[in-house]
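Novice: So here's start36.txt (compact mmCIF, C-alpha atoms).
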# COMPACT_ATOMS: atom_id res chain seq x y z
CA MET A 1 0.00 0.00 0.00
CA SER A 2 1.17 3.54 -0.72
CA THR A 3 2.72 5.35 2.23
CA SER A 4 0.73 8.44 1.17
CA PRO A 5 -2.84 7.32 0.45
CA ASP A 6 -4.75 9.45 -2.05
CA LYS A 7 -8.34 9.73 -3.19
CA THR A 8 -8.14 6.38 -4.99
CA THR A 9 -7.32 4.63 -1.71
CA TRP A 10 -9.85 6.67 0.29
CA THR A 11 -12.57 5.78 -2.21
CA ALA A 12 -11.62 2.10 -2.15
CA VAL A 13 -11.81 2.07 1.64
CA ASP A 14 -15.24 3.75 1.56
CA THR A 15 -16.46 1.22 -1.02
CA TYR A 16 -15.15 -1.76 0.95
CA THR A 17 -16.42 -0.66 4.35
CA LEU A 18 -19.84 0.40 3.09
CA THR A 19 -20.42 -3.03 1.52
CA HIS A 20 -20.41 -4.27 5.12
CA SER A 21 -21.86 -1.35 7.09
CA HIS A 22 -24.53 -0.41 4.54
CA PRO A 23 -24.98 -3.25 2.03
CA PRO A 24 -27.58 -3.29 -0.77
CA SER A 25 -29.85 -5.37 1.46
CA ARG A 26 -30.48 -2.36 3.70
CA PRO A 27 -34.12 -1.17 3.37
CA ASN A 28 -33.18 2.31 2.12
CA SER A 29 -30.38 1.31 -0.27
CA SER A 30 -32.52 1.31 -3.41
CA ILE A 31 -34.06 4.66 -2.45
CA LEU A 32 -30.63 6.21 -1.97
CA SER A 33 -29.34 4.79 -5.26
CA SER A 34 -32.34 6.07 -7.20
CA THR A 35 -31.96 9.49 -5.55
CA LEU A 36 -28.38 9.77 -6.79
CA THR A 37 -29.31 8.43 -10.23
CA THR A 38 -32.15 10.92 -10.63
CA SER A 39 -29.92 13.76 -9.42
CA HIS A 40 -27.21 12.78 -11.90
CA HIS A 41 -29.64 12.53 -14.81
CA SER A 42 -31.00 15.95 -13.81
CA ASN A 43 -27.46 17.37 -14.17
CA LEU A 44 -27.09 18.29 -10.51
CA PRO A 45 -23.46 18.74 -9.40
CA ASN A 46 -21.86 15.79 -7.59
CA ILE A 47 -21.43 17.67 -4.31
CA ALA A 48 -23.77 15.85 -1.92
CA ALA A 49 -22.38 14.41 1.29
CA SER A 50 -20.67 11.06 0.82
CA HIS A 51 -22.46 7.84 1.75
CA ALA A 52 -20.21 7.37 4.77
CA GLN A 53 -20.71 10.93 6.03
CA ALA A 54 -24.48 10.76 5.57
CA LYS A 55 -24.61 7.40 7.38
CA PHE A 56 -22.53 8.85 10.22
CA LEU A 57 -24.97 11.74 10.58
CA ALA A 58 -27.90 9.32 10.49
CA LEU A 59 -26.38 7.21 13.25
CA PHE A 60 -25.62 10.32 15.31
CA LEU A 61 -29.25 11.43 15.09
CA ARG A 62 -30.41 7.96 16.09
CA ALA A 63 -28.03 7.85 19.05
CA THR A 64 -29.23 11.24 20.27
CA ASN A 65 -32.90 10.54 19.46
CA THR A 66 -33.08 13.83 17.58
CA THR A 67 -36.58 14.61 16.32
CA THR A 68 -36.10 17.93 14.46
CA ALA A 69 -33.39 18.86 11.98
CA LEU A 70 -32.64 21.78 9.68
CA GLU A 71 -30.54 21.55 6.53
CA ILE A 72 -29.21 24.52 4.57
CA GLY A 73 -28.49 23.31 1.03
CA THR A 74 -30.85 20.57 -0.19
CA LEU A 75 -29.38 19.82 -3.62
CA GLY A 76 -31.15 16.60 -4.72
CA GLY A 77 -32.24 15.61 -1.23
CA PHE A 78 -29.74 12.78 -0.72
CA THR A 79 -28.66 13.72 2.80
CA SER A 80 -32.17 14.50 4.03
CA ILE A 81 -33.48 11.25 2.57
CA PHE A 82 -30.66 9.28 4.20
CA LEU A 83 -31.28 10.89 7.60
CA ALA A 84 -35.07 10.55 7.50
CA SER A 85 -35.07 6.99 6.13
CA GLU A 86 -32.81 5.88 8.98
CA ASN A 87 -34.71 7.79 11.68
CA PRO A 88 -38.51 7.40 11.65
CA GLN A 89 -38.82 9.87 14.56
CA LEU A 90 -37.12 12.65 12.58
CA LYS A 91 -38.69 15.60 10.78
CA ILE A 92 -36.44 17.69 8.54
CA THR A 93 -36.76 21.21 7.16
CA THR A 94 -34.38 21.75 4.27
CA VAL A 95 -33.68 25.00 2.41
CA GLU A 96 -32.67 25.27 -1.27
CA VAL A 97 -32.08 28.43 -3.32
CA ASN A 98 -32.09 26.80 -6.77
CA PRO A 99 -35.62 26.07 -8.11
CA GLU A 100 -34.43 23.23 -10.34
CA HIS A 101 -32.55 21.56 -7.49
CA ALA A 102 -35.56 21.97 -5.20
CA GLY A 103 -37.79 20.37 -7.83
CA VAL A 104 -35.49 17.37 -8.17
CA ALA A 105 -35.29 17.06 -4.39
CA ARG A 106 -39.06 17.10 -4.03
CA ARG A 107 -39.42 14.38 -6.65
CA ASN A 108 -36.78 12.27 -4.92
CA ILE A 109 -38.40 12.80 -1.53
CA THR A 110 -41.82 11.83 -2.88
CA ALA A 111 -40.36 8.73 -4.54
CA ALA A 112 -38.85 7.80 -1.18
CA GLY A 113 -42.24 8.20 0.49
CA LEU A 114 -40.86 10.83 2.87
CA GLU A 115 -42.78 13.95 1.81
CA GLY A 116 -44.61 13.87 5.15
CA ARG A 117 -41.37 14.24 7.11
CA ILE A 118 -39.12 16.33 4.85
CA GLU A 119 -40.18 19.92 4.14
CA VAL A 120 -38.37 21.65 1.26
CA ILE A 121 -38.42 25.45 1.41
CA LEU A 122 -37.36 27.32 -1.74
CA GLY A 123 -35.46 30.56 -1.22
CA ALA A 124 -32.17 32.21 -0.35
CA GLY A 125 -30.77 30.72 2.84
CA VAL A 126 -30.36 34.01 4.68
CA ASP A 127 -33.94 35.07 3.91
CA VAL A 128 -35.50 31.72 4.75
CA LEU A 129 -33.52 31.44 7.98
CA ALA A 130 -34.81 34.85 9.05
CA LYS A 131 -38.38 33.59 8.62
CA ILE A 132 -37.63 30.32 10.40
CA LYS A 133 -36.08 32.27 13.28
CA GLU A 134 -39.23 34.37 13.51
CA ASP A 135 -41.31 31.18 13.62
CA VAL A 136 -39.17 29.80 16.43
CA VAL A 137 -39.35 33.05 18.42
CA THR A 138 -43.14 33.22 18.08
CA GLY A 139 -43.59 29.55 18.95
CA LYS A 140 -44.76 28.40 15.51
CA ARG A 141 -41.75 26.10 15.32
CA GLU A 142 -39.80 24.36 18.05
CA LYS A 143 -36.03 24.70 18.27
CA PHE A 144 -34.02 22.23 16.22
CA GLY A 145 -31.92 19.44 17.65
CA PHE A 146 -29.55 19.36 14.70
CA VAL A 147 -28.55 21.75 11.90
CA PHE A 148 -26.47 20.80 8.86
CA ILE A 149 -25.02 23.71 6.86
CA ASP A 150 -23.87 22.71 3.37
CA ALA A 151 -24.62 25.63 1.07
CA ASP A 152 -22.80 28.68 -0.34
CA LYS A 153 -19.62 28.87 1.71
CA GLU A 154 -19.47 32.66 1.70
CA ASN A 155 -22.50 32.68 4.02
CA ASN A 156 -21.23 30.01 6.41
CA TRP A 157 -21.05 32.37 9.36
CA ASN A 158 -24.33 34.10 8.56
CA TYR A 159 -26.07 30.72 8.55
CA PHE A 160 -24.32 29.54 11.69
CA ASP A 161 -25.07 32.74 13.59
CA VAL A 162 -28.81 32.25 13.10
CA ALA A 163 -28.68 28.47 13.48
CA ALA A 164 -27.02 28.65 16.89
CA GLY A 165 -29.93 30.74 18.15
CA ILE A 166 -32.63 28.36 16.93
CA THR A 167 -30.97 25.15 18.12
CA ARG A 168 -31.85 23.73 21.52
CA SER A 169 -29.35 23.40 24.34
CA LYS A 170 -27.07 20.40 23.70
CA GLY A 171 -28.15 20.44 20.07
CA VAL A 172 -25.50 20.32 17.35
CA VAL A 173 -24.70 22.57 14.39
CA VAL A 174 -22.44 21.16 11.66
CA VAL A 175 -20.80 23.16 8.87
CA ASP A 176 -19.49 21.04 5.99
CA ASN A 177 -16.49 21.65 3.69
CA VAL A 178 -14.45 23.94 5.94
CA VAL A 179 -11.00 22.43 5.30
CA ARG A 180 -11.14 22.79 1.51
CA GLY A 181 -8.40 20.26 0.77
CA GLY A 182 -6.14 21.96 3.30
CA ARG A 183 -6.38 25.35 1.61
CA VAL A 184 -8.03 26.83 4.71
CA VAL A 185 -4.48 27.47 6.05
CA GLU A 186 -3.04 28.68 2.74
CA GLU A 187 -1.54 32.17 2.87
CA GLY A 188 -2.67 34.89 0.47
CA VAL A 189 -5.81 33.02 -0.53
CA THR A 190 -8.54 35.03 -2.29
CA ASP A 191 -11.09 32.26 -2.94
CA THR A 192 -14.27 33.50 -1.26
CA ARG A 193 -15.30 29.94 -0.32
CA ILE A 194 -12.09 29.48 1.64
CA LEU A 195 -12.44 32.89 3.24
CA GLY A 196 -15.97 31.86 4.23
CA ALA A 197 -14.59 28.70 5.83
CA ARG A 198 -12.00 30.69 7.75
CA ARG A 199 -14.54 33.18 8.98
CA VAL A 200 -16.91 30.58 10.37
CA ILE A 201 -14.08 28.70 12.11
CA GLU A 202 -12.76 31.89 13.70
CA GLU A 203 -16.13 33.38 14.61
CA VAL A 204 -17.43 30.14 16.10
CA GLY A 205 -14.25 29.85 18.14
CA ARG A 206 -15.12 33.20 19.73
CA ASP A 207 -18.82 32.44 20.13
CA GLY A 208 -19.77 31.93 23.76
CA ARG A 209 -23.02 30.17 22.80
CA VAL A 210 -21.22 27.04 21.61
CA ASP A 211 -18.18 24.80 21.94
CA SER A 212 -16.69 23.52 18.69
CA VAL A 213 -14.11 21.38 16.92
CA VAL A 214 -13.04 20.94 13.28
CA LEU A 215 -12.54 17.37 12.07
CA GLN A 216 -10.59 16.66 8.90
CA THR A 217 -12.09 13.99 6.65
CA VAL A 218 -11.03 11.84 3.70
CA GLY A 219 -13.12 9.56 1.52
CA GLU A 220 -14.81 9.21 -1.85
CA LYS A 221 -15.31 12.99 -2.02
CA GLY A 222 -11.62 13.72 -1.33
CA TYR A 223 -9.94 15.61 1.50
CA ASP A 224 -12.01 18.11 3.46
CA GLY A 225 -13.49 18.53 6.92
CA TRP A 226 -16.44 19.75 8.94
CA LEU A 227 -17.01 21.96 11.92
CA TRP A 228 -19.07 20.51 14.78
CA ALA A 229 -20.48 22.78 17.47
CA VAL A 230 -22.56 21.93 20.53
CA VAL A 231 -24.92 24.62 21.79
CA ASN A 232 -24.46 25.39 25.49
Once you've parsed the file, please lay out its structure as structure tokens.
Specialist:
Amino acid sequence: MSTSPDKTTWTAVDTYTLTHSHPPSRPNSSILSSTLTTSHHSNLPNIAASHAQAKFLALFLRATNTTTALEIGTLGGFTSIFLASENPQLKITTVEVNPEHAGVARRNITAAGLEGRIEVILGAGVDVLAKIKEDVVTGKREKFGFVFIDADKENNWNYFDVAAGITRSKGVVVVDNVVRGGRVVEEGVTDTRILGARRVIEEVGRDGRVDSVVLQTVGEKGYDGWLWAVVN
């Protein structure tokens, strides 16, 4: 084996381990496969969470018996479908700015039979979050137990700032793609996505409402990482 594993090795490990931890015999495997196939045929970008990451999140929600979740960045609905299909107690609100992506997600969710537990809201994340916050403040919605932020990276902190206030105590907020292949520590960077990753890491580190850690990840989607924060 190479002394410096690369994406080929990471992908092979994901493929091997998932054949055991989530084989085709699992009840939701065909649903997940058809979701990815439909998303691909609809020309959606291949930027959904990996199978292993989505399964990890699903297991985390099961272990914590989380009943309400919020996702910023629906894409084709793969992550929401994975989480809901593994957790029958879970209701998810997911926000998508792109009408075509939202349409594909809704079709995938309906095909999965999960339209009663996954709500897709079309609109810009910042605007929709403001309305959701208002609903939480006025009691129309309960606070969320889990928030997954996987949208435009420039708004990472804006999303997190609101999310932390509408997540219950001991709830968790996760921000995906904050390591950016290691470029988050690159000097002189001008990429706004990387600057967005830096800002959320630094701001969350100063935020007295939460305690956080950044975990680096490798796998079929390459080298990246996510920020995990627990609300006090």
Novice: Smallest atom-to-atom distance to Leu122 of chain A: which of A:Glu96, A:Glu154, A:Glu134, A:Glu203, using all atoms listed in the file?
Specialist: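 Smallest distance to Leu122 of chain A is found for A:Glu96.
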Novice: To one decimal place in Å, what is the distance between atom CA of Leu114 of chain A and atom CA of Lys91 of chain A?
Specialist: 9.5 Å
Novice: Show me, as a count of residues only, the residues that have an atom within 12 Å of Gln53 of chain A when counting all atoms listed in the file, minus same-chain residues fewer than 4 positions from it.
Specialist: 25
Novice: Hey, can you check how far atom CA of Thr110 of chain A sits from atom CA of Asp135 of chain A?
Specialist: 25.4 Å
Novice: Counting only C-alpha atoms, which residue out of A:Lys131, A:Arg209, A:His41, A:Lys55 sits closest to Val104 of chain A?
Specialist: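 When distances to Val104 of chain A are compared using only C-alpha atoms, the smallest one comes from A:His41.
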Novice: For a quick check of understanding, using all atoms listed in the file, which of A:Tyr16, A:Ser25, A:Gly123, A:Phe146 has the smallest distance to Thr66 of chain A?
Specialist: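 For Thr66 of chain A, the nearest of the given residues is A:Phe146.
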